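Visitor: File my_file_35.txt follows (compact mmCIF, C-alpha atoms):
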```txt
# COMPACT_ATOMS: atom_id res chain seq x y z
CA MET A 1 13.85 -56.94 -6.19
CA LYS A 2 11.03 -56.26 -3.78
CA GLU A 3 13.22 -53.77 -1.97
CA LYS A 4 14.01 -51.95 -5.23
CA LEU A 5 10.32 -51.73 -6.09
CA PHE A 6 9.60 -50.41 -2.62
CA PHE A 7 12.19 -47.63 -3.01
CA PHE A 8 10.93 -46.83 -6.51
CA PHE A 9 7.37 -46.35 -5.25
CA LEU A 10 8.62 -44.44 -2.22
CA ILE A 11 10.45 -41.96 -4.46
CA VAL A 12 7.42 -41.61 -6.76
CA ALA A 13 5.11 -41.06 -3.77
CA LEU A 14 7.42 -38.44 -2.29
CA LEU A 15 7.77 -36.56 -5.57
CA VAL A 16 4.02 -36.59 -6.19
CA SER A 17 3.21 -35.35 -2.71
CA ALA A 18 5.91 -32.67 -3.01
CA GLY A 19 4.37 -31.48 -6.25
CA CYS A 20 0.87 -31.39 -4.78
CA GLY A 21 2.14 -29.42 -1.79
CA GLY A 22 2.82 -26.39 -3.94
CA VAL A 23 -0.67 -26.21 -5.42
CA THR A 24 -3.14 -23.98 -3.66
CA PRO A 25 -6.64 -25.39 -3.82
CA LEU A 26 -9.11 -23.36 -5.83
CA THR A 27 -11.91 -21.91 -3.77
CA GLY A 28 -14.47 -22.12 -6.51
CA GLU A 29 -17.36 -22.81 -4.17
CA SER A 30 -17.53 -19.49 -2.36
CA PRO A 31 -19.53 -16.73 -4.06
CA PRO A 32 -17.35 -13.96 -5.46
CA LEU A 33 -17.20 -10.60 -3.76
CA PRO A 34 -19.68 -8.27 -5.46
CA VAL A 35 -18.34 -5.57 -7.73
CA GLN A 36 -20.03 -2.90 -5.58
CA LYS A 37 -17.65 -3.79 -2.74
CA ALA A 38 -14.43 -4.23 -4.67
CA ASN A 39 -13.86 -2.29 -7.84
CA LEU A 40 -11.24 -0.13 -9.50
CA GLN A 41 -12.93 3.17 -8.69
CA ARG A 42 -12.98 2.42 -4.98
CA VAL A 43 -9.33 1.41 -4.99
CA LEU A 44 -8.38 4.61 -6.80
CA GLU A 45 -10.33 6.73 -4.30
CA GLU A 46 -8.78 5.02 -1.32
CA ASN A 47 -5.33 5.92 -2.55
CA GLU A 48 -5.80 9.57 -3.35
CA GLY A 49 -3.65 12.11 -1.58
CA LEU A 50 -0.10 13.38 -1.78
CA GLU A 51 1.68 11.72 -4.66
CA ILE A 52 4.19 9.07 -3.72
CA ALA A 53 7.47 9.52 -5.57
CA TRP A 54 9.50 6.37 -6.20
CA GLU A 55 12.37 7.79 -4.14
CA ASP A 56 10.02 8.32 -1.19
CA GLY A 57 8.78 4.75 -1.12
CA LYS A 58 9.77 3.30 2.24
CA ASP A 59 7.59 0.27 2.76
CA ALA A 60 4.90 -1.83 1.16
CA ARG A 61 2.21 0.75 1.87
CA ASP A 62 4.04 3.44 -0.12
CA PHE A 63 4.66 1.17 -3.09
CA TYR A 64 1.04 0.07 -3.16
CA ARG A 65 -0.26 3.61 -2.99
CA GLY A 66 2.31 4.76 -5.57
CA GLY A 67 1.20 1.97 -7.92
CA VAL A 68 -2.46 2.90 -7.56
CA GLN A 69 -1.77 6.61 -8.03
CA GLN A 70 0.17 5.95 -11.22
CA LYS A 71 -2.67 3.73 -12.39
CA ALA A 72 -5.15 6.55 -11.78
CA LYS A 73 -3.05 8.75 -14.07
CA ALA A 74 -2.83 5.99 -16.66
CA GLU A 75 -6.59 5.41 -16.63
CA LYS A 76 -7.24 9.07 -17.32
CA LYS A 77 -4.84 9.09 -20.27
CA PHE A 78 -6.25 5.78 -21.52
CA GLN A 79 -9.78 7.24 -21.57
CA GLU A 80 -8.44 10.23 -23.48
CA LYS A 81 -6.71 7.82 -25.90
CA ALA A 82 -3.40 9.51 -25.09
CA TYR A 83 -1.71 6.14 -25.47
CA PRO A 84 2.01 6.99 -25.11
CA GLN A 85 1.40 8.80 -21.80
CA ALA A 86 -0.99 6.08 -20.65
CA MET A 87 1.61 3.43 -21.46
CA LYS A 88 4.25 5.30 -19.46
CA SER A 89 2.00 5.55 -16.42
CA TYR A 90 0.90 1.90 -16.65
CA GLN A 91 4.56 0.94 -16.69
CA ALA A 92 5.27 3.17 -13.70
CA SER A 93 2.30 1.64 -11.91
CA ASN A 94 3.61 -1.85 -12.62
CA ASP A 95 7.05 -0.87 -11.32
CA PHE A 96 5.55 0.21 -8.01
CA LEU A 97 3.29 -2.82 -7.76
CA THR A 98 6.06 -5.25 -8.68
CA ARG A 99 8.11 -3.86 -5.81
CA MET A 100 5.04 -4.14 -3.62
CA LEU A 101 4.55 -7.79 -4.52
CA GLN A 102 8.01 -8.54 -3.17
CA PHE A 103 6.63 -7.73 0.27
CA MET A 104 3.16 -9.22 0.05
CA ASN A 105 1.80 -11.16 -2.88
CA GLU A 106 -1.81 -11.95 -2.06
CA ASP A 107 -4.87 -9.87 -2.85
CA CYS A 108 -7.31 -9.20 -0.08
CA ALA A 109 -10.69 -7.45 0.00
CA SER A 110 -10.19 -6.11 3.50
CA TYR A 111 -6.59 -5.72 4.52
CA THR A 112 -6.09 -4.23 7.94
CA LEU A 113 -3.29 -1.70 7.71
CA TYR A 114 -3.72 -0.60 11.27
CA GLU A 115 -6.48 -0.90 13.81
CA GLY A 116 -9.47 0.82 12.27
CA THR A 117 -7.88 1.17 8.83
CA ASP A 118 -8.93 -1.47 6.33
CA ILE A 119 -8.21 -1.11 2.64
CA LEU A 120 -9.00 -2.93 -0.59
CA PHE A 121 -5.71 -4.59 -1.37
CA PHE A 122 -5.46 -5.85 -4.95
CA PRO A 123 -1.90 -5.57 -6.31
CA ASN A 124 -2.27 -8.63 -8.55
CA LEU A 125 -5.58 -7.55 -10.01
CA LEU A 126 -4.30 -4.04 -10.63
CA MET A 127 -1.30 -5.49 -12.48
CA ALA A 128 -3.69 -7.68 -14.50
CA ASP A 129 -5.78 -4.66 -15.42
CA ASN A 130 -2.63 -2.70 -16.33
CA TYR A 131 -1.40 -5.45 -18.64
CA LEU A 132 -4.87 -5.85 -20.15
CA LYS A 133 -4.92 -2.20 -21.12
CA MET A 134 -1.29 -2.21 -22.23
CA GLY A 135 -2.31 -5.05 -24.54
CA ILE A 136 -5.24 -3.04 -25.89
CA ILE A 137 -2.89 -0.12 -26.57
CA ALA A 138 -0.37 -2.44 -28.25
CA ARG A 139 -3.09 -3.86 -30.52
CA ALA A 140 -4.38 -0.38 -31.32
CA THR A 141 -0.89 0.61 -32.39
CA GLY A 142 -0.40 -2.48 -34.51
CA GLN A 143 1.90 -4.42 -32.17
CA GLU A 144 0.07 -7.72 -32.09
CA GLY A 145 2.99 -9.62 -30.53
CA ALA A 146 3.27 -7.18 -27.65
CA ALA A 147 -0.49 -7.32 -27.16
CA THR A 148 -0.41 -11.10 -26.81
CA ARG A 149 2.49 -10.95 -24.36
CA ASN A 150 0.71 -8.36 -22.23
CA TRP A 151 -2.51 -10.36 -22.15
CA LYS A 152 -0.60 -13.48 -21.14
CA LYS A 153 0.81 -11.53 -18.18
CA ALA A 154 -2.66 -10.13 -17.45
CA GLN A 155 -4.00 -13.68 -17.37
CA ASP A 156 -1.29 -14.80 -14.92
CA PHE A 157 -1.94 -11.91 -12.54
CA SER A 158 -5.73 -12.26 -12.65
CA TYR A 159 -5.32 -15.97 -11.89
CA LYS A 160 -3.14 -15.13 -8.87
CA SER A 161 -5.66 -12.56 -7.72
CA LEU A 162 -8.60 -14.96 -7.99
CA LEU A 163 -6.69 -17.61 -6.10
CA SER A 164 -6.36 -15.35 -3.09
CA GLU A 165 -9.63 -13.39 -3.39
CA ARG A 166 -12.53 -14.29 -5.65
CA THR A 167 -14.19 -11.10 -6.82
CA GLU A 168 -16.69 -10.27 -9.53
CA TRP A 169 -14.24 -7.60 -10.58
CA GLY A 170 -11.50 -10.22 -11.07
CA LEU A 171 -13.80 -12.66 -12.84
CA SER A 172 -15.04 -10.05 -15.30
CA LEU A 173 -11.46 -8.96 -15.94
CA GLU A 174 -10.50 -12.55 -16.60
CA GLN A 175 -13.37 -12.85 -19.09
CA GLU A 176 -12.27 -9.69 -20.82
CA ILE A 177 -8.70 -10.94 -21.11
CA LEU A 178 -9.91 -14.26 -22.52
CA SER A 179 -12.20 -12.59 -25.02
CA LEU A 180 -9.32 -10.46 -26.27
CA SER A 181 -6.59 -13.06 -26.28
CA GLY A 182 -8.65 -16.21 -26.96
CA PRO A 183 -9.48 -16.04 -30.67
CA LYS A 184 -5.94 -15.03 -31.64
CA LYS A 185 -4.48 -18.09 -29.89
CA LYS A 186 -6.62 -20.41 -32.01
CA MET B 187 30.11 -54.33 7.96
CA ARG B 188 29.67 -54.83 4.18
CA GLY B 189 25.92 -54.99 4.71
CA ARG B 190 26.00 -51.55 6.28
CA TRP B 191 27.83 -50.03 3.28
CA LYS B 192 25.35 -51.73 0.98
CA ARG B 193 22.51 -49.82 2.63
CA LEU B 194 24.24 -46.46 2.31
CA PRO B 195 22.96 -45.59 -1.22
CA ARG B 196 19.43 -46.36 -0.11
CA ILE B 197 19.78 -44.17 2.93
CA LEU B 198 21.13 -41.38 0.73
CA VAL B 199 18.21 -41.78 -1.68
CA ALA B 200 15.74 -41.61 1.22
CA LEU B 201 17.48 -38.50 2.58
CA ALA B 202 17.41 -36.87 -0.87
CA CYS B 203 13.69 -37.60 -1.12
CA ALA B 204 13.05 -36.16 2.31
CA GLY B 205 15.07 -33.11 1.29
CA THR B 206 13.00 -32.71 -1.87
CA LEU B 207 9.82 -32.89 0.17
CA TRP B 208 11.06 -30.29 2.64
CA PHE B 209 12.28 -28.03 -0.17
CA ALA B 210 8.91 -28.19 -1.95
CA GLY B 211 7.00 -27.37 1.21
CA ALA B 212 9.29 -24.65 2.46
CA ASP B 213 8.43 -21.02 1.79
CA PHE B 214 11.45 -19.22 0.38
CA SER B 215 9.68 -16.01 -0.54
CA PRO B 216 11.20 -12.93 1.06
CA ALA B 217 9.86 -12.30 4.52
CA PRO B 218 6.82 -10.08 4.15
CA LYS B 219 7.58 -6.72 5.59
CA ALA B 220 4.53 -5.65 7.49
CA PHE B 221 2.89 -2.32 6.95
CA GLY B 222 4.86 -1.00 9.85
CA GLN B 223 5.12 2.47 11.23
CA SER B 224 7.69 4.17 9.07
CA GLY B 225 8.65 6.95 11.47
CA PHE B 226 9.94 10.28 10.32
CA GLN B 227 10.57 10.81 6.64
CA ARG B 228 11.86 13.61 4.45
CA TYR B 229 10.23 13.93 1.04
CA THR B 230 12.81 13.89 -1.72
CA ARG B 231 10.29 15.70 -3.91
CA PRO B 232 8.33 18.11 -1.68
CA GLN B 233 4.79 18.69 -2.89
CA ALA B 234 2.45 21.65 -2.67
CA VAL B 235 0.31 21.51 0.43
CA PRO B 236 -3.27 20.67 -0.57
CA GLY B 237 -5.63 23.57 0.00
CA PHE B 238 -8.51 23.07 2.41
CA SER B 239 -10.71 25.18 4.61
CA ILE B 240 -12.22 23.81 7.81
CA THR B 241 -13.31 25.15 11.20
CA ASP B 242 -11.53 25.21 14.52
CA LEU B 243 -13.08 24.21 17.85
CA GLN B 244 -14.58 27.67 18.26
CA GLY B 245 -16.27 27.46 14.85
CA LYS B 246 -13.87 29.89 13.15
CA GLN B 247 -13.05 29.06 9.51
CA VAL B 248 -9.37 28.33 8.86
CA ASP B 249 -8.04 28.30 5.30
CA ILE B 250 -4.69 26.56 5.16
CA ARG B 251 -3.66 28.57 2.07
CA GLU B 252 -3.64 31.73 4.17
CA HIS B 253 -0.58 30.39 6.00
CA ARG B 254 1.68 30.56 2.96
CA GLY B 255 5.02 31.98 4.07
CA GLN B 256 4.79 30.30 7.48
CA VAL B 257 6.05 26.96 8.73
CA LEU B 258 3.17 24.59 9.49
CA LEU B 259 2.86 21.44 11.51
CA LEU B 260 -0.29 19.50 10.66
CA ASN B 261 -1.04 16.57 12.90
CA PHE B 262 -3.88 14.22 11.92
CA TRP B 263 -5.19 12.50 15.00
CA ALA B 264 -8.26 11.23 16.83
CA THR B 265 -9.27 11.07 20.47
CA TRP B 266 -9.98 7.33 20.17
CA CYS B 267 -6.50 6.57 18.85
CA PRO B 268 -4.11 5.22 21.53
CA ASN B 269 -1.01 6.23 19.57
CA CYS B 270 -2.30 9.79 19.26
CA ARG B 271 -2.84 9.93 23.00
CA GLN B 272 0.72 8.72 23.49
CA GLU B 273 2.10 11.33 21.12
CA GLY B 274 0.02 14.22 22.52
CA PRO B 275 2.31 15.32 25.40
CA SER B 276 5.47 15.56 23.27
CA LEU B 277 3.57 17.54 20.65
CA GLN B 278 2.32 19.84 23.40
CA LYS B 279 5.92 20.41 24.55
CA LEU B 280 6.97 21.30 21.02
CA TYR B 281 4.02 23.67 20.78
CA ASN B 282 4.99 25.37 24.06
CA GLN B 283 8.55 25.74 22.83
CA TYR B 284 7.85 26.93 19.27
CA GLN B 285 4.51 28.73 19.04
CA SER B 286 6.13 32.03 19.98
CA ARG B 287 8.85 31.44 17.36
CA GLY B 288 6.39 31.36 14.47
CA LEU B 289 5.61 27.67 14.05
CA ILE B 290 1.91 27.22 13.21
CA PHE B 291 0.37 24.14 14.78
CA TYR B 292 -2.86 22.43 13.90
CA ARG B 293 -4.09 19.11 15.15
CA ILE B 294 -6.74 17.95 12.69
CA SER B 295 -9.41 15.61 13.94
CA SER B 296 -11.61 13.82 11.47
CA LYS B 297 -15.32 13.14 11.87
CA GLU B 298 -15.40 13.71 15.63
CA LYS B 299 -17.76 15.88 17.61
CA PRO B 300 -16.24 19.15 18.94
CA GLU B 301 -17.62 18.35 22.42
CA THR B 302 -15.77 15.03 22.50
CA ILE B 303 -12.53 16.77 21.53
CA LYS B 304 -12.99 19.61 24.02
CA GLN B 305 -13.58 17.16 26.85
CA PHE B 306 -10.52 15.18 25.85
CA LEU B 307 -8.26 18.25 25.63
CA GLU B 308 -9.44 19.46 29.01
CA LYS B 309 -8.83 16.12 30.62
CA GLU B 310 -5.36 15.81 29.10
CA SER B 311 -4.43 19.48 29.66
CA LEU B 312 -3.59 20.03 26.00
CA ASN B 313 -4.05 23.33 24.21
CA VAL B 314 -2.59 22.85 20.72
CA PRO B 315 -5.15 24.37 18.26
CA VAL B 316 -7.51 21.77 16.84
CA LEU B 317 -9.36 21.83 13.51
CA ILE B 318 -12.42 19.71 12.80
CA ASP B 319 -12.34 17.86 9.51
CA LYS B 320 -16.09 17.09 9.47
CA THR B 321 -16.22 15.37 6.10
CA GLY B 322 -12.69 13.98 6.11
CA GLN B 323 -11.72 16.16 3.11
CA ALA B 324 -8.37 17.17 4.55
CA GLU B 325 -7.47 13.56 5.31
CA ARG B 326 -8.37 12.54 1.77
CA LEU B 327 -6.34 15.34 0.21
CA PHE B 328 -3.26 14.30 2.12
CA GLY B 329 -4.00 10.60 1.84
CA VAL B 330 -3.89 9.92 5.55
CA TRP B 331 -4.15 6.22 6.28
CA VAL B 332 -3.06 6.08 9.86
CA HIS B 333 -3.37 8.12 13.02
CA PRO B 334 -1.29 9.92 13.99
CA THR B 335 0.25 11.25 10.79
CA THR B 336 2.05 14.58 10.86
CA TYR B 337 3.24 16.79 8.02
CA LEU B 338 5.71 19.64 8.16
CA VAL B 339 5.16 22.37 5.59
CA ASN B 340 7.84 24.92 4.71
CA ARG B 341 7.46 28.62 3.92
CA GLN B 342 7.01 27.86 0.22
CA ALA B 343 3.88 25.86 1.14
CA LEU B 344 5.62 22.60 0.30
CA VAL B 345 5.12 19.46 2.34
CA CYS B 346 8.70 18.51 3.28
CA TYR B 347 8.43 15.93 6.05
CA ARG B 348 6.03 13.25 7.14
CA SER B 349 5.81 11.29 10.34
CA MET B 350 3.59 8.23 10.62
CA GLY B 351 2.80 6.69 13.94
CA VAL B 352 3.98 7.86 17.33
CA PHE B 353 6.87 10.28 17.17
CA ASP B 354 8.69 11.95 20.03
CA TRP B 355 8.60 15.64 19.16
CA THR B 356 10.99 16.54 21.95
CA THR B 357 13.93 14.78 20.29
CA LEU B 358 16.87 16.63 18.77
CA GLN B 359 15.89 15.24 15.37
CA ALA B 360 12.50 16.91 15.56
CA THR B 361 13.63 20.24 16.95
CA SER B 362 16.58 20.56 14.57
CA ILE B 363 14.27 20.02 11.57
CA VAL B 364 11.80 22.59 12.89
CA ASP B 365 14.67 25.02 13.53
CA GLN B 366 15.96 24.51 10.01
CA LEU B 367 12.52 25.11 8.47
CA LEU B 368 12.05 28.26 10.52
CA LYS B 369 15.46 29.58 9.40
CA GLU B 370 14.63 29.15 5.71
CA ARG B 371 13.34 32.25 3.97
```
What would the structure in this file look like if it were written as structure tokens?

Guide:
Amino acid sequence: MKEKLFFFFLIVALLVSAGCGGVTPLTGESPPLPVQKANLQRVLEENEGLEIAWEDGKDARDFYRGGVQQKAKAEKKFQEKAYPQAMKSYQASNDFLTRMLQFMNEDCASYTLYEGTDILFFPNLLMADNYLKMGIIARATGQEGAATRNWKKAQDFSYKSLLSERTEWGLSLEQEILSLSGPKKK
Amino acid sequence: MRGRWKRLPRILVALACAGTLWFAGADFSPAPKAFGQSGFQRYTRPQAVPGFSITDLQGKQVDIREHRGQVLLLNFWATWCPNCRQEGPSLQKLYNQYQSRGLIFYRISSKEKPETIKQFLEKESLNVPVLIDKTGQAERLFGVWVHPTTYLVNRQALVCYRSMGVFDWTTLQATSIVDQLLKER
């Protein structure tokens, strides 16, 4: 009987520790990176240049830059309220960034590409921002279900981003997502 | 003997638990492919060469748009970059071989003092024409992230090829591409 109990507790202990192993601790103590250092405008500027076509994407760098460039297009159309075109570019941006996340899935405020070349690297946060705006477009066009789904995705990506790099940019985005999606959930 | 068989299920349970633990801790995500040097690449959708106007080492203004109809090789580099220093001699050989055949060469150095570049070229015995990108505008227009990065532009002023990182410009691959671009009308 004692032996059975021992094995039972052993199994429980192993399963619990296995579960805990997959959880990354939150780094809530450190102050977030100020918005002056990491923000959307700076990311867009860093990725200007010759346009990356999907077919020309060779490695992670190309897919990241392609995703940011498509986002720049989408932002412009979003400001102009040209929603169908904005939606298309947000989707294209997400396609690039999703491919990118297969290579590297953590955001980083100072990613060293090569010696002397550091970039703001925020694929998760960019995806979150894309889904946030796709949700806004969906709501504006009367698709409440699609809006909710997009904001749920935005929430997931902003959470991932904040886990790897706490930024004021990410925190304010998270607040925005919550303020949009929160009341509807209740 | 029977005692041993009795213990077998327990051993199996323990092994299964250990396996679960290992499985939970193991990282099965695809191996992250580093931002490596991607080598030589042909653009499937060639793009118009961005227009810019900067000065050469002698202070003469060079407008890249004035080279429409010619084949251009634009090499973004820096004197402080080890890979650029490594690539320099093979680029010089290509220049010696092709300058008389109509290939326009420019090595574009960003935010460096002309004196520093002149000293470097003298020391290394290199004479490929150099342009000074004082504000980094040309680099931004192309989206250069790494030195060296080289672009090949065809006669229609379209950027057709890109090389990132050190590339041996004396190889058959390089010369056959240059030959092909020069043949195009």

Visitor: Hey, which of A:Glu48, A:Glu80, A:Asp129, A:Glu3 ends up closest to chain B? Count all atoms listed in the file.

Guide: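 Of A:Glu48, A:Glu80, A:Asp129, A:Glu3, the one nearest chain B is A:Glu48, counting all atoms listed in the file.
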
Visitor: Produce a table with one row for each residue of chain A that has an atom at most 6 Å from any atom of chain B, each row naming the nearest atom pair and its distance in Å at one decimal; use all atoms listed in the file; arrange rows by chain and rising residue number; format as JSON lines.

Guide:
```
{"residue": "A:Ala18", "atom": "CA", "partner": "B:Leu207", "partner_atom": "CA", "distance": 5.0}
{"residue": "A:Glu48", "atom": "CA", "partner": "B:Gly329", "partner_atom": "CA", "distance": 5.6}
{"residue": "A:Gly49", "atom": "CA", "partner": "B:Gly329", "partner_atom": "CA", "distance": 3.8}
{"residue": "A:Leu50", "atom": "CA", "partner": "B:Phe328", "partner_atom": "CA", "distance": 5.1}
{"residue": "A:Arg61", "atom": "CA", "partner": "B:Phe221", "partner_atom": "CA", "distance": 6.0}
{"residue": "A:Phe103", "atom": "CA", "partner": "B:Pro218", "partner_atom": "CA", "distance": 4.5}
{"residue": "A:Met104", "atom": "CA", "partner": "B:Pro218", "partner_atom": "CA", "distance": 5.6}
```

Visitor: If you count all atoms listed in the file, which residues fall within 8 Å of Ile177 in chain A, apart from same-chain ones fewer than 2 positions away, as a PDB file with C-alpha atoms, keeping the file's coordinate frame?

Guide:
```pdb
ATOM      1  CA  LEU A 132      -4.870  -5.850 -20.150  1.00  0.00           C
ATOM      2  CA  TRP A 151      -2.510 -10.360 -22.150  1.00  0.00           C
ATOM      3  CA  ALA A 154      -2.660 -10.130 -17.450  1.00  0.00           C
ATOM      4  CA  GLN A 155      -4.000 -13.680 -17.370  1.00  0.00           C
ATOM      5  CA  LEU A 173     -11.460  -8.960 -15.940  1.00  0.00           C
ATOM      6  CA  GLU A 174     -10.500 -12.550 -16.600  1.00  0.00           C
ATOM      7  CA  GLN A 175     -13.370 -12.850 -19.090  1.00  0.00           C
ATOM      8  CA  SER A 179     -12.200 -12.590 -25.020  1.00  0.00           C
ATOM      9  CA  LEU A 180      -9.320 -10.460 -26.270  1.00  0.00           C
ATOM     10  CA  SER A 181      -6.590 -13.060 -26.280  1.00  0.00           C
ATOM     11  CA  GLY A 182      -8.650 -16.210 -26.960  1.00  0.00           C
TER      12      GLY A 182
END
```

Visitor: If we count only C-alpha atoms and set the cut-off at 10 Å, which residues sit around range 107-114 of chain A, ignoring sequence neighbours fewer than 6 positions away in its own chain? Please answer as a list of chain:residue names.

Guide: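 Result of the neighbour search: A:Leu33, A:Lys37, A:Ala38, A:Asn39, A:Arg61, A:Leu101, A:Leu120, A:Phe121, A:Phe122, A:Pro123, A:Asn124, A:Leu125, A:Leu126, A:Lys160, A:Ser161, A:Leu162, A:Leu163, A:Ser164, A:Glu165, A:Arg166, A:Thr167, B:Ala220, B:Phe221, B:Gly222, B:Gln223, B:Trp331, B:Val332, B:His333.
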
Visitor: Expressed in Å to a single decimal, how great is the separation between CA of Arg254 in chain B and CA of Leu344 in chain B?

Guide: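 Computing the Euclidean distance for CA of Arg254 in chain B and CA of Leu344 in chain B yields 9.3 Å.
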
Visitor: Give me the residues within 10 Å of Gly274 in chain B as a VMD selection string, counting only C-alpha atoms and dropping any in the same chain fewer than 6 places off.

Guide: chain B and resid 261 263 268 293 307 310 to 312 314 334 352 to 355

Visitor: Could you state the separation of CA of Arg149 in chain A and CA of Gly170 in chain A in Å, given to one decimal place?

Guide: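 Pair CA of Arg149 in chain A / CA of Gly170 in chain A returns 19.3 Å.
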
Visitor: Up to 9 Å from (6.1, 32.8, 11.9) in the file's coordinates: name the residues, counting all atoms listed in the file, as a ChimeraX atom specification.

Guide: /B:255-257,285-290,368

Visitor: Please list as a list in words every residue within 12 Å of Ala140 in chain A, counting only C-alpha atoms and excluding residues in the same chain fewer than 4 positions away.

Guide: Phe78, Lys81, Ala82, Tyr83, Pro84, Lys133, Met134, Gly135, Ile136, Glu144, Gly145, Ala146 and Ala147 of chain A

Visitor: Residues within 7 Å of Val68 in chain A, please, as a list in words. Count only C-alpha atoms; anything in the same chain fewer than 5 positions from it doesn't count.

Guide: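 After dropping sequence-adjacent residues, the list is Leu44, Asn47 and Ser93 of chain A.
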
Visitor: With distances taken over all atoms listed in the file, which residue among B:Gln244, B:Ser276, B:Thr265, B:Ser295 lies nearest Thr356 in chain B?

Guide: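 Ranked by minimum distance to Thr356 in chain B, first place goes to B:Ser276.
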
Visitor: Please report the interatomic distance between CA of Arg271 in chain B and CA of Phe306 in chain B in Å with one decimal.

Guide: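 Straight-line distance from CA of Arg271 in chain B to CA of Phe306 in chain B works out to 9.7 Å.
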